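start04.cif, holding mmCIF, C-alpha atoms and all ligand atoms:
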data_work
loop_
_atom_site.label_atom_id
_atom_site.label_comp_id
_atom_site.auth_asym_id
_atom_site.auth_seq_id
_atom_site.Cartn_x
_atom_site.Cartn_y
_atom_site.Cartn_z
CA MET A 273 5.27 -33.19 22.82
CA PRO A 274 4.80 -31.19 25.98
CA ARG A 275 1.14 -31.08 26.96
CA LEU A 276 0.62 -28.93 30.02
CA SER A 277 -2.34 -30.21 31.96
CA ALA A 278 -5.11 -27.83 32.94
CA THR A 279 -5.10 -28.81 36.58
CA SER A 280 -1.47 -28.39 37.48
CA ARG A 281 1.04 -25.59 37.50
CA HIS A 282 3.93 -25.49 35.09
CA ALA A 283 7.21 -23.64 35.13
CA VAL A 284 7.32 -20.54 32.95
CA SER A 285 10.86 -19.27 32.34
CA PHE A 286 11.37 -15.85 30.87
CA VAL A 287 13.32 -12.64 31.29
CA LEU A 288 11.49 -10.19 33.51
CA ASN A 289 12.84 -6.66 33.70
CA GLY A 290 16.27 -7.89 32.67
CA ARG A 291 16.43 -10.83 35.08
CA SER A 292 15.93 -14.51 34.27
CA THR A 293 12.84 -15.58 36.13
CA THR A 294 11.00 -18.86 36.57
CA ALA A 295 7.62 -19.21 38.26
CA ASP A 296 4.68 -21.59 38.04
CA ALA A 297 1.35 -20.99 36.34
CA GLU A 298 -1.68 -23.02 35.28
CA PRO A 299 -2.27 -22.84 31.53
CA ARG A 300 -5.33 -20.66 32.05
CA MET A 301 -3.54 -17.99 34.07
CA LEU A 302 -3.47 -14.56 32.43
CA LEU A 303 -0.14 -12.76 32.34
CA THR A 304 -1.69 -9.91 34.36
CA ASP A 305 -2.46 -12.27 37.26
CA PHE A 306 0.89 -13.99 36.90
CA LEU A 307 2.73 -10.68 37.21
CA ARG A 308 0.57 -9.32 40.01
CA HIS A 309 -0.28 -12.34 42.13
CA VAL A 310 2.53 -14.80 41.52
CA LEU A 311 5.43 -12.39 41.01
CA GLY A 312 4.11 -9.56 43.17
CA LEU A 313 4.55 -6.84 40.54
CA THR A 314 1.36 -4.90 41.10
CA GLY A 315 2.38 -1.88 39.03
CA THR A 316 0.68 -3.45 36.00
CA HIS A 317 -2.97 -2.52 36.43
CA VAL A 318 -6.04 -4.47 35.44
CA GLY A 319 -9.03 -2.51 34.20
CA CYS A 320 -11.28 -4.30 31.75
CA GLU A 321 -9.49 -7.65 31.49
CA HIS A 322 -10.48 -8.00 27.86
CA GLY A 323 -8.13 -5.81 25.90
CA VAL A 324 -10.07 -2.57 25.72
CA CYS A 325 -8.65 -0.14 28.30
CA GLY A 326 -4.86 -0.48 27.97
CA ALA A 327 -4.19 -0.29 31.74
CA CYS A 328 -2.28 -3.60 31.63
CA THR A 329 0.10 -2.61 28.81
CA ILE A 330 3.64 -3.96 29.20
CA HIS A 331 6.44 -4.77 26.75
CA ILE A 332 6.84 -8.28 25.37
CA ASP A 333 10.03 -8.72 23.36
CA GLY A 334 10.33 -4.95 23.14
CA GLN A 335 6.83 -4.35 21.78
CA PRO A 336 3.94 -2.82 23.73
CA ALA A 337 1.32 -5.48 24.40
CA ARG A 338 -1.70 -6.16 26.60
CA ALA A 339 -0.85 -8.43 29.50
CA CYS A 340 -4.54 -9.32 29.92
CA LEU A 341 -4.63 -10.67 26.34
CA THR A 342 -1.71 -12.96 26.98
CA LEU A 343 -1.48 -16.23 28.84
CA ALA A 344 1.45 -16.60 31.22
CA VAL A 345 2.51 -19.81 29.41
CA GLN A 346 2.79 -17.87 26.14
CA VAL A 347 5.71 -15.76 27.39
CA ASP A 348 7.93 -18.74 28.14
CA GLY A 349 11.26 -17.80 26.53
CA ALA A 350 10.23 -14.19 25.95
CA SER A 351 11.48 -10.98 27.46
CA VAL A 352 8.95 -8.98 29.48
CA ARG A 353 9.32 -5.46 30.79
CA THR A 354 6.90 -3.89 33.24
CA ILE A 355 6.37 -0.46 34.74
CA GLU A 356 8.62 -1.42 37.67
CA ASP A 357 11.58 -1.22 35.27
CA LEU A 358 10.85 2.24 33.90
CA ALA A 359 12.56 4.43 36.51
CA PRO A 360 16.35 4.39 36.10
CA GLU A 361 16.89 3.86 39.84
CA PRO A 362 14.85 4.03 43.03
CA GLY A 363 13.86 7.62 43.79
CA ARG A 364 14.54 8.86 40.25
CA LEU A 365 11.94 9.18 37.51
CA SER A 366 12.51 8.53 33.83
CA VAL A 367 12.26 11.53 31.50
CA LEU A 368 8.76 10.42 30.50
CA GLN A 369 7.62 9.87 34.08
CA ALA A 370 8.96 13.29 35.11
CA ALA A 371 7.09 14.89 32.21
CA PHE A 372 3.88 13.20 33.40
CA ARG A 373 4.41 14.74 36.81
CA ARG A 374 5.16 18.23 35.47
CA HIS A 375 2.11 18.20 33.20
CA HIS A 376 -0.30 16.65 35.70
CA ALA A 377 -0.82 13.84 33.20
CA LEU A 378 -2.31 11.63 35.90
CA GLN A 379 -5.03 12.08 38.45
CA CYS A 380 -6.17 8.76 39.88
CA GLY A 381 -3.22 7.02 38.23
CA PHE A 382 -5.12 3.95 37.17
CA CYS A 383 -4.35 4.23 33.46
CA THR A 384 -0.84 5.58 34.03
CA PRO A 385 1.33 2.41 34.02
CA GLY A 386 -0.18 1.36 30.69
CA MET A 387 0.15 4.84 29.21
CA LEU A 388 3.79 5.06 30.28
CA MET A 389 4.73 1.63 28.92
CA SER A 390 3.06 2.35 25.61
CA LEU A 391 4.58 5.80 25.28
CA ASP A 392 8.01 4.60 26.32
CA ALA A 393 7.99 2.17 23.38
CA TYR A 394 6.49 4.74 21.04
CA LEU A 395 9.01 7.47 21.79
CA ALA A 396 11.90 5.05 21.41
CA ALA A 397 10.67 4.19 17.90
CA ASN A 398 9.41 7.70 17.01
CA PRO A 399 11.69 10.33 18.55
CA GLU A 400 9.84 13.11 16.71
CA PRO A 401 6.19 12.25 17.22
CA ASP A 402 3.50 14.22 15.51
CA GLU A 403 0.56 15.10 17.68
CA ALA A 404 -2.10 13.57 15.45
CA GLU A 405 -0.19 10.28 15.18
CA LEU A 406 0.38 10.29 18.92
CA ARG A 407 -3.34 10.71 19.60
CA LYS A 408 -4.13 7.85 17.24
CA TYR A 409 -1.60 5.70 19.05
CA LEU A 410 -3.12 6.58 22.42
CA SER A 411 -6.55 5.47 21.20
CA GLY A 412 -5.49 2.11 22.61
CA HIS A 413 -5.76 3.55 26.12
CA LEU A 414 -8.65 4.85 28.15
CA CYS A 415 -8.25 7.57 30.76
CA ARG A 416 -11.35 8.63 32.66
CA CYS A 417 -9.71 11.51 34.53
CA THR A 418 -7.45 13.74 32.51
CA GLY A 419 -9.19 14.26 29.18
CA TYR A 420 -5.89 13.20 27.53
CA VAL A 421 -4.68 16.78 26.91
CA PRO A 422 -1.99 16.74 29.63
CA ILE A 423 -0.96 13.20 28.62
CA VAL A 424 -0.33 14.30 25.04
CA ALA A 425 1.49 17.42 26.29
CA ALA A 426 3.68 15.31 28.59
CA ALA A 427 4.55 12.90 25.79
CA LEU A 428 5.50 15.72 23.41
CA ASP A 429 7.55 17.41 26.12
CA ALA A 430 9.30 14.15 27.00
CA ALA A 431 10.08 13.56 23.32
CA LYS A 432 11.67 17.00 23.10
CA ARG A 433 13.78 16.47 26.20
CA LEU A 434 14.87 13.03 25.05
CA ARG A 435 15.98 14.55 21.74
CA GLU A 436 17.96 17.20 23.60
CA ASP A 437 19.52 14.52 25.82
CA THR A 438 20.61 12.57 22.75
CA ALA A 439 21.92 15.74 21.08
CA ASN A 440 23.97 16.63 24.16
CA ALA A 441 25.13 13.12 24.91
CA MET B 207 -13.19 -12.70 34.22
CA LYS B 208 -10.79 -15.60 34.08
CA PRO B 209 -10.48 -18.28 31.40
CA PRO B 210 -11.86 -21.72 32.21
CA PRO B 211 -9.30 -24.53 32.60
CA PHE B 212 -7.72 -26.05 29.49
CA ASP B 213 -4.63 -28.06 28.61
CA TYR B 214 -1.94 -26.28 26.66
CA VAL B 215 0.22 -27.82 23.97
CA ARG B 216 3.24 -25.94 22.74
CA ALA B 217 3.57 -27.59 19.35
CA ALA B 218 7.17 -28.19 18.35
CA THR B 219 6.29 -29.40 14.87
CA LEU B 220 3.39 -28.84 12.54
CA ALA B 221 2.70 -32.59 12.65
CA GLU B 222 2.12 -32.34 16.40
CA ALA B 223 -0.37 -29.52 15.96
CA HIS B 224 -2.20 -31.56 13.30
CA ALA B 225 -2.20 -34.66 15.48
CA VAL B 226 -3.82 -32.90 18.44
CA LEU B 227 -6.41 -31.30 16.14
CA ALA B 228 -7.17 -34.68 14.58
CA THR B 229 -7.81 -36.35 17.94
CA GLU B 230 -9.52 -33.51 19.80
CA GLY B 231 -11.58 -31.99 16.97
CA THR B 232 -13.87 -29.21 18.19
CA ASP B 233 -12.44 -29.45 21.72
CA ALA B 234 -9.14 -28.04 20.48
CA ARG B 235 -8.42 -24.46 19.49
CA ILE B 236 -5.34 -23.07 17.83
CA ILE B 237 -3.79 -20.15 19.67
CA ALA B 238 -1.41 -17.83 17.83
CA GLY B 239 -1.27 -14.21 19.05
CA GLY B 240 -4.31 -14.79 21.25
CA GLN B 241 -5.64 -11.26 20.81
CA THR B 242 -9.12 -12.52 20.02
CA LEU B 243 -9.07 -15.94 21.61
CA VAL B 244 -7.82 -14.89 25.06
CA PRO B 245 -10.65 -12.39 25.67
CA MET B 246 -13.12 -14.98 24.35
CA LEU B 247 -11.75 -17.42 26.90
CA SER B 248 -11.92 -14.80 29.64
CA MET B 249 -15.54 -14.06 28.79
CA ARG B 250 -16.17 -17.80 28.54
CA LEU B 251 -17.39 -17.49 24.98
CA ALA B 252 -14.97 -20.28 24.11
CA ARG B 253 -14.41 -23.37 26.25
CA PRO B 254 -11.82 -25.52 24.52
CA ARG B 255 -10.36 -28.57 26.26
CA VAL B 256 -6.95 -27.90 24.79
CA LEU B 257 -5.12 -24.97 23.22
CA ILE B 258 -2.46 -25.62 20.62
CA ASP B 259 0.16 -22.88 20.46
CA ILE B 260 1.64 -22.69 16.95
CA MET B 261 3.96 -19.73 17.49
CA ARG B 262 7.12 -21.86 17.78
CA LEU B 263 6.79 -23.29 14.28
CA PRO B 264 9.32 -21.62 11.99
CA GLU B 265 7.54 -22.90 8.85
CA LEU B 266 4.48 -20.82 9.75
CA ALA B 267 6.40 -17.64 10.56
CA THR B 268 7.22 -16.49 7.04
CA ILE B 269 6.11 -13.81 4.60
CA GLU B 270 6.94 -14.79 1.03
CA GLU B 271 6.13 -13.59 -2.39
CA SER B 272 5.60 -16.24 -5.03
CA ALA B 273 3.41 -16.83 -8.07
CA GLY B 274 1.99 -13.32 -7.86
CA SER B 275 0.81 -13.59 -4.25
CA ILE B 276 2.04 -12.65 -0.82
CA HIS B 277 1.95 -15.77 1.37
CA VAL B 278 1.50 -14.86 5.00
CA GLY B 279 2.06 -17.77 7.37
CA ALA B 280 -0.13 -18.44 10.42
CA GLY B 281 2.59 -17.28 12.80
CA VAL B 282 3.04 -13.84 11.25
CA ARG B 283 1.96 -11.01 13.49
CA GLN B 284 0.05 -8.06 12.07
CA ALA B 285 2.87 -5.68 13.05
CA GLU B 286 5.38 -7.86 11.20
CA LEU B 287 3.38 -7.73 7.99
CA LEU B 288 2.96 -3.97 8.40
CA ALA B 289 6.75 -3.66 8.75
CA TRP B 290 7.48 -5.90 5.73
CA PRO B 291 9.49 -3.57 3.49
CA ASP B 292 7.79 -4.66 0.24
CA LEU B 293 4.23 -4.29 1.50
CA ALA B 294 3.36 -0.87 0.11
CA SER B 295 4.79 -1.65 -3.33
CA ARG B 296 3.40 -5.19 -3.63
CA GLN B 297 -0.01 -4.70 -2.10
CA PRO B 298 -0.86 -1.07 -1.29
CA LEU B 299 -4.48 -1.84 -0.33
CA LEU B 300 -3.28 -4.15 2.42
CA ALA B 301 -0.76 -1.51 3.51
CA ALA B 302 -3.59 1.05 3.71
CA ALA B 303 -5.93 -1.18 5.72
CA LEU B 304 -3.55 -2.78 8.23
CA PRO B 305 -3.06 0.32 10.41
CA TRP B 306 -6.84 0.14 11.07
CA VAL B 307 -6.62 -3.32 12.60
CA GLY B 308 -7.03 -2.99 16.37
CA HIS B 309 -4.35 -0.86 18.02
CA ALA B 310 -0.57 -0.84 17.79
CA GLN B 311 -0.66 -2.52 21.22
CA THR B 312 -2.64 -5.49 19.83
CA ARG B 313 -1.07 -5.66 16.35
CA SER B 314 2.23 -6.37 18.10
CA ARG B 315 0.84 -9.79 19.11
CA GLY B 316 -2.20 -10.47 16.91
CA THR B 317 -1.63 -12.52 13.77
CA VAL B 318 -2.94 -11.96 10.25
CA CYS B 319 -4.32 -15.49 10.02
CA GLY B 320 -5.87 -15.25 13.48
CA SER B 321 -8.06 -12.41 12.30
CA VAL B 322 -9.07 -14.50 9.27
CA ALA B 323 -9.85 -17.51 11.50
CA HIS B 324 -12.06 -15.41 13.76
CA ALA B 325 -14.03 -14.04 10.79
CA ASP B 326 -15.59 -11.02 12.41
CA PRO B 327 -17.85 -9.44 9.75
CA SER B 328 -16.35 -6.00 10.38
CA ALA B 329 -12.68 -6.98 10.54
CA GLU B 330 -10.32 -5.36 8.05
CA ILE B 331 -8.08 -8.29 7.09
CA PRO B 332 -10.94 -10.57 5.91
CA LEU B 333 -12.34 -7.59 4.00
CA VAL B 334 -9.06 -6.97 2.17
CA LEU B 335 -8.74 -10.68 1.42
CA VAL B 336 -12.20 -10.71 -0.16
CA ALA B 337 -11.58 -7.43 -2.00
CA LEU B 338 -8.42 -8.81 -3.57
CA GLY B 339 -9.85 -12.23 -4.37
CA GLY B 340 -7.30 -13.82 -2.02
CA SER B 341 -7.38 -17.29 -0.57
CA ILE B 342 -6.79 -19.35 2.54
CA VAL B 343 -4.55 -22.42 2.82
CA LEU B 344 -5.96 -25.05 5.18
CA SER B 345 -4.02 -28.11 6.18
CA THR B 346 -4.51 -31.37 8.06
CA ARG B 347 -2.10 -34.17 8.78
CA ARG B 348 -2.85 -35.68 5.39
CA ARG B 349 -3.75 -32.96 2.95
CA GLN B 350 -3.88 -29.33 2.14
CA ARG B 351 -6.51 -27.33 0.32
CA THR B 352 -6.83 -23.74 -0.78
CA VAL B 353 -10.17 -21.97 -0.51
CA ALA B 354 -11.08 -18.66 -2.12
CA ALA B 355 -11.82 -15.99 0.49
CA GLU B 356 -15.31 -15.46 -0.91
CA GLN B 357 -16.13 -19.09 -0.21
CA PHE B 358 -14.26 -19.25 3.09
CA PHE B 359 -16.27 -16.69 5.05
CA ILE B 360 -19.73 -18.18 5.38
CA GLY B 361 -21.28 -16.05 8.10
CA SER B 362 -20.63 -14.09 11.25
CA LEU B 363 -17.68 -15.77 13.02
CA SER B 364 -18.08 -18.82 10.85
CA THR B 365 -15.88 -20.17 8.12
CA ASP B 366 -15.43 -23.15 5.87
CA ARG B 367 -12.60 -24.52 8.06
CA ARG B 368 -13.18 -28.11 9.16
CA ASP B 369 -12.51 -29.23 12.70
CA GLU B 370 -9.29 -31.06 11.90
CA GLU B 371 -7.92 -28.26 9.73
CA LEU B 372 -5.71 -25.38 10.67
CA ILE B 373 -5.10 -22.22 8.69
CA ALA B 374 -1.52 -22.56 7.50
CA ALA B 375 -1.36 -19.33 5.51
CA VAL B 376 -3.37 -16.72 3.68
CA LEU B 377 -2.56 -15.52 0.17
CA PHE B 378 -2.98 -11.90 -0.84
CA PRO B 379 -2.65 -11.42 -4.61
CA CYS B 380 -0.03 -8.78 -5.43
CA ALA B 381 -1.25 -5.54 -6.96
CA PRO B 382 -1.63 -5.89 -10.74
CA PRO B 383 -0.22 -3.06 -12.86
CA GLU B 384 -2.65 -0.30 -13.91
CA HIS B 385 -5.02 -0.32 -11.02
CA GLY B 386 -6.13 2.09 -8.34
CA TYR B 387 -7.12 1.23 -4.82
CA ALA B 388 -8.50 2.87 -1.68
CA PHE B 389 -9.64 1.88 1.80
CA ARG B 390 -11.80 3.75 4.31
CA GLU B 391 -13.80 2.88 7.37
CA PHE B 392 -16.15 4.51 9.77
CA GLY B 393 -16.04 3.56 13.45
CA ARG B 394 -16.91 5.26 16.72
CA ARG B 395 -13.28 5.47 17.79
CA HIS B 396 -10.01 4.69 16.09
CA GLY B 397 -9.18 1.05 16.75
CA ASP B 398 -12.78 -0.05 17.29
CA PHE B 399 -14.32 -2.53 14.93
CA ALA B 400 -15.66 -0.70 11.91
CA VAL B 401 -19.35 0.08 11.69
CA THR B 402 -18.74 -0.05 7.94
CA ALA B 403 -15.51 -0.43 5.98
CA CYS B 404 -15.00 -0.20 2.22
CA ALA B 405 -12.15 -1.27 -0.05
CA ALA B 406 -12.11 -0.41 -3.75
CA LEU B 407 -10.01 -1.64 -6.65
CA VAL B 408 -10.39 -0.06 -10.05
CA THR B 409 -8.91 -0.53 -13.51
CA PRO B 410 -9.86 1.55 -16.54
CA GLU B 411 -12.59 -1.02 -17.37
CA ARG B 412 -13.68 -2.44 -14.01
CA VAL B 413 -14.73 -1.32 -10.55
CA ARG B 414 -14.64 -3.71 -7.59
CA LEU B 415 -15.90 -2.78 -4.15
CA ALA B 416 -15.80 -4.86 -0.98
CA VAL B 417 -17.83 -3.91 2.08
CA GLY B 418 -17.36 -5.06 5.67
CA GLY B 419 -19.51 -4.53 8.75
CA VAL B 420 -22.85 -4.60 6.95
CA ALA B 421 -23.65 -8.18 5.94
CA ASP B 422 -22.69 -11.16 8.11
CA ARG B 423 -19.38 -11.42 6.19
CA PRO B 424 -17.32 -9.20 3.90
CA VAL B 425 -18.94 -9.02 0.47
CA ALA B 426 -17.47 -7.88 -2.86
CA ARG B 427 -19.18 -6.85 -6.07
CA GLU B 428 -17.72 -6.03 -9.43
CA TRP B 429 -19.03 -3.82 -12.22
CA GLY B 430 -17.91 -2.38 -15.55
CA ALA B 431 -16.54 1.17 -15.68
CA LEU B 432 -19.62 2.70 -13.93
CA ALA B 433 -19.58 6.02 -15.75
CA GLY B 434 -21.66 8.99 -14.63
CA SER B 435 -24.80 8.31 -12.56
CA ALA B 436 -24.39 4.55 -12.96
CA LEU B 437 -22.06 4.70 -9.97
CA ASP B 438 -24.69 5.99 -7.54
CA ASP B 439 -27.30 3.56 -8.82
CA ALA B 440 -24.92 0.63 -8.47
CA LEU B 441 -23.95 1.64 -4.93
CA ASN B 442 -27.56 2.08 -3.90
CA GLU B 443 -28.47 -1.34 -5.18
CA PHE B 444 -25.45 -2.92 -3.50
CA ALA B 445 -26.29 -1.17 -0.21
CA TYR B 446 -29.78 -2.71 -0.23
CA ASP B 447 -28.59 -6.14 -1.30
CA LEU B 448 -26.24 -6.35 1.68
CA ASP B 449 -29.23 -6.75 3.98
CA ALA B 450 -28.01 -4.44 6.71
CA ARG B 451 -29.38 -4.89 10.20
CA ASP B 452 -29.91 -2.61 13.18
CA ASP B 453 -27.69 -3.16 16.17
CA LEU B 454 -26.20 -1.35 19.13
CA HIS B 455 -23.74 0.54 16.96
CA ALA B 456 -25.81 1.71 14.00
CA THR B 457 -29.15 1.37 12.27
CA ALA B 458 -29.53 -0.51 9.00
CA ARG B 459 -30.35 2.74 7.29
CA PHE B 460 -27.20 4.42 8.56
CA ARG B 461 -25.17 1.46 7.32
CA ARG B 462 -26.72 1.73 3.86
CA ASP B 463 -25.84 5.41 3.87
CA LEU B 464 -22.28 4.55 4.80
CA VAL B 465 -22.04 2.06 1.94
CA ARG B 466 -23.25 4.71 -0.50
CA GLN B 467 -21.00 7.38 0.86
CA LEU B 468 -17.80 5.52 1.76
CA GLY B 469 -18.27 3.40 -1.36
CA ARG B 470 -18.35 6.50 -3.54
CA GLU B 471 -15.37 7.98 -1.70
CA VAL B 472 -13.15 4.94 -2.08
CA ILE B 473 -14.06 4.44 -5.74
CA MET B 474 -13.32 8.10 -6.51
CA GLU B 475 -10.06 7.90 -4.59
CA ALA B 476 -9.08 4.69 -6.36
CA ARG B 477 -9.79 6.36 -9.70
CA ARG B 478 -7.60 9.29 -8.77
CA CYS B 479 -4.81 6.94 -7.81
CA LEU B 480 -5.20 5.15 -11.15
CA ALA B 481 -4.94 8.42 -13.09
S1 LIG C 1 -6.96 -4.71 31.54
FE1 LIG C 1 -5.89 -5.25 29.76
S2 LIG C 1 -6.68 -3.86 28.32
FE2 LIG C 1 -7.92 -3.47 30.06
S1 LIG C 2 -5.55 9.23 35.54
FE1 LIG C 2 -7.37 8.29 36.19
S2 LIG C 2 -7.84 7.03 34.52
FE2 LIG C 2 -6.21 8.16 33.77
#
How does the structure come out when it is put into structure tokens?
Amino acid sequence: MPRLSATSRHAVSFVLNGRSTTADAEPRMLLTDFLRHVLGLTGTHVGCEHGVCGACTIHIDGQPARACLTLAVQVDGASVRTIEDLAPEPGRLSVLQAAFRRHHALQCGFCTPGMLMSLDAYLAANPEPDEAELRKYLSGHLCRCTGYVPIVAAALDAAKRLREDTANA
Amino acid sequence: MKPPPFDYVRAATLAEAHAVLATEGTDARIIAGGQTLVPMLSMRLARPRVLIDIMRLPELATIEESAGSIHVGAGVRQAELLAWPDLASRQPLLAAALPWVGHAQTRSRGTVCGSVAHADPSAEIPLVLVALGGSIVLSTRRRQRTVAAEQFFIGSLSTDRRDEELIAAVLFPCAPPEHGYAFREFGRRHGDFAVTACAALVTPERVRLAVGGVADRPVAREWGALAGSALDDALNEFAYDLDARDDLHATARFRRDLVRQLGREVIMEARRCLA
């Protein structure tokens, strides 16, 4: 049985933003630190480091999840998507990101990567979100700047545009 | 805030998980979704020598209905149970309470049994388990035992689980015919732990109410039909017997008020759903 010792690093193999990736981590390393410090993907932010603020939200196997509540060794074999994979290509924003910009849904930007990753998953599963449900869903994220109103407006606007895109596809 | 060092065992069989638990005892902790354990490690509230990851064990990853109960294995995530197509028809109280567990972003990883193992006095899943008279299946290398939820939760964050045991599954009894149910909670924000949560089950002859967040564990009480003013008297007595305490989130008096009020609301709602 594989017992990974506390004092050494162990290979973690997983799919990161569509690419097979292997890097080393001690068992105690949080996925946030693994992404940021070992893999250099600093788009995932770290606020509270204990699951309260939502800044570190990423996708694990297609579901929104807190990177700070996950050990790097736990994602061995999983598929992870981070904010770096959200824009369709360099220099172009996703529909949701563009809506955030139009609606001024970010000020300092600290909460934004988590908000975007969560909403990206939510809109994919709920193309016609209702505002009350959306607000409940966003209760898993703290924003100290915007007061949430522009974030909700951006999400509803993005949902509408995504529906139009699908209708015209 | 970083976890202290620990070894990590990715159990490939249940026997391996049992073997490590048997040799390491209190120095070992089971990790499933990690939504409670990882922050406890980060805050250094837990300092295990070894973590045993049980999420690769297919025998723990199942939801099954048999002998009138829903068996939820230790590897089943809260979001998976919520998405189980039969949930609302087999156990509507559980279906009503699950969306209140944490946030969608934590239910995606957190397991049903993990919440039971942690035994927070205000957590929804232990409350529903007590309300329904459910039970917990504990196993070691050699044997397995089933403990009623009301005996399993023995205090705040403490349970009847022995060091060498792991929670293999929890059993939620399916909804009997002819009964009404309701769930409500009061918290500061959606997704926070409840200040007080209430779950009611009623039949034409009986009323059962379980309350979380007030005593050091979820507590249930059962009465006859509770006609007329008997309901308020019963709730008042129950509220006092729960021995509420003052803390950062609410005073004891406010909690008693919540028991009286939410208790009445869920019982009335359960009666309407029975009618
Ligand atoms: S940093 Fe992960 S939830 Fe705050
Ligand atoms: S934009 Fe500053 S915290 Fe949300």
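Closest approach to B:Asp439 from the set B:Phe460, B:Gly469, B:Ile260, B:Ala426 is made by B:Gly469, with distances taken over only C-alpha atoms.
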All residues 12 Å or closer to B:Asp292, all atoms listed in the file, same chain fewer than 4 positions away omitted, as a ChimeraX atom specification: /B:269-271,276,286-288,296-298,300-301,380-381
For chain A against chain B, with a cut-off of 6 Å and counting only C-alpha atoms, what is the closest atom pair and its distance in Å to one decimal for every residue that makes the cut, ordered by chain and number, as a tab-separated table?
residue	atom	partner	partner_atom	distance
A:Arg275	CA	B:Val215	CA	4.5
A:Leu276	CA	B:Tyr214	CA	5.0
A:Ser277	CA	B:Asp213	CA	4.6
A:Ala278	CA	B:Asp213	CA	4.4
A:Pro299	CA	B:Tyr214	CA	6.0
A:Arg300	CA	B:Pro211	CA	5.6
A:His322	CA	B:Pro245	CA	4.9
A:Pro336	CA	B:Gln311	CA	5.2
A:Ala337	CA	B:Gln311	CA	4.8
A:Leu341	CA	B:Val244	CA	5.4
A:Gly412	CA	B:His309	CA	5.6
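Take atom CA of B:Arg390 and atom CA of A:Lys408: the distance between them is 15.6 Å.
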Kindly provide, as a PyMOL selection string, all nucleotide and amino acid residues lying within 10 Å of ligand LIG 2 (chain C), counting only C-alpha atoms and all ligand atoms. chain A and resi 319+325+327+376-387+413-420+423
Surroundings of ligand LIG 1 (chain C) up to 7 Å, based on only C-alpha atoms and all ligand atoms, as a ChimeraX atom specification: /A:317-329,338-341
Skip A:Val367 itself and residues of its chain fewer than 2 positions away, then list as a list of chain:residue names all residues within 8 Å of it, counting all atoms listed in the file. A:Leu365, A:Gln369, A:Ala370, A:Ala371, A:Ala430, A:Arg433, A:Leu434
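What separates atom CA of B:Glu443 from atom CA of B:Leu468 is a distance of 14.5 Å.
Interatomic distance, atom CA of B:Ala375 to atom CA of B:Gln284: 13.1 Å.
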With distances taken over only C-alpha atoms, which of B:His385, B:His455, B:Glu391, B:Ala323 is nearest to B:Pro305? B:Glu391
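If you measure from each of B:Ala234, B:Ile373, B:Ala355, B:Ala337 to B:Arg427 using all atoms listed in the file, the closest one turns out to be B:Ala337.
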Could you check the closest approach to B:Ala267 for each of B:Pro410, B:Gly279, B:Gly340, B:Gly430 and tell me which residue wins, using only C-alpha atoms? B:Gly279
I want to know what sits within 7 Å of B:Pro327, based on all atoms listed in the file, with residues of the same chain fewer than 4 positions away left out; could you give that as a count of residues only? 6
Can you pull out the residues contacting A:Val352? Cut-off 7 Å, using only C-alpha atoms, and skip same-chain residues under 2 positions away; I want them as a PyMOL selection string. chain A and resi 287-289+331-333+350+354
Grab the residues selected above and save them as a short mmCIF file (atom, residue, chain, number, x, y, z; two decimals), in the coordinates of the input with C-alpha atoms.
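In the end it all went to part.cif:
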data_model
loop_
_atom_site.label_atom_id
_atom_site.label_comp_id
_atom_site.auth_asym_id
_atom_site.auth_seq_id
_atom_site.Cartn_x
_atom_site.Cartn_y
_atom_site.Cartn_z
CA VAL A 287 13.32 -12.64 31.29
CA LEU A 288 11.49 -10.19 33.51
CA ASN A 289 12.84 -6.66 33.70
CA HIS A 331 6.44 -4.77 26.75
CA ILE A 332 6.84 -8.28 25.37
CA ASP A 333 10.03 -8.72 23.36
CA ALA A 350 10.23 -14.19 25.95
CA THR A 354 6.90 -3.89 33.24
#
Exercise: B:Glu428 partners within 9 Å, only C-alpha atoms, chain neighbours under 3 positions left out, as JSON, numbers by chain: {"B": [412, 413, 414, 415, 416]}
If you keep C-alpha atoms, can you produce a file of those selected residues as a PDB file, keeping the file's coordinate frame?
ATOM      1  CA  ARG B 412     -13.680  -2.440 -14.010  1.00  0.00           C
ATOM      2  CA  VAL B 413     -14.730  -1.320 -10.550  1.00  0.00           C
ATOM      3  CA  ARG B 414     -14.640  -3.710  -7.590  1.00  0.00           C
ATOM      4  CA  LEU B 415     -15.900  -2.780  -4.150  1.00  0.00           C
ATOM      5  CA  ALA B 416     -15.800  -4.860  -0.980  1.00  0.00           C
TER       6      ALA B 416
END
Got a sec to check which residues sit within 9 Å of (-5.1, -31.4, 16.5), counting all atoms listed in the file, and write them as a list of chain:residue names? B:Ala221, B:Glu222, B:Ala223, B:His224, B:Ala225, B:Val226, B:Leu227, B:Ala228, B:Thr229, B:Glu230, B:Gly231, B:Ala234, B:Arg235, B:Ile236, B:Ile258, B:Thr346, B:Arg347, B:Asp369, B:Glu370, B:Glu371, B:Leu372
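If you measure from each of A:Glu400, A:Glu298, A:Asp392, A:Asp305 to A:Leu358 using all atoms listed in the file, the closest one turns out to be A:Asp392.
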Provide stretch 433-442 of chain B of the preceding structure as a file containing C-alpha atoms, as a compact mmCIF listing (two decimals), in the first residue's frame.
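Below is the file out30.txt, written as the result:
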# COMPACT_ATOMS: atom_id res chain seq x y z
CA ALA B 433 -53.62 19.36 19.79
CA GLY B 434 -54.36 23.01 20.54
CA SER B 435 -52.22 24.79 23.16
CA ALA B 436 -50.42 21.55 24.03
CA LEU B 437 -48.08 22.33 21.14
CA ASP B 438 -46.78 25.59 22.61
CA ASP B 439 -46.40 24.08 26.06
CA ALA B 440 -44.48 21.11 24.69
CA LEU B 441 -42.16 23.35 22.66
CA ASN B 442 -41.51 25.62 25.61
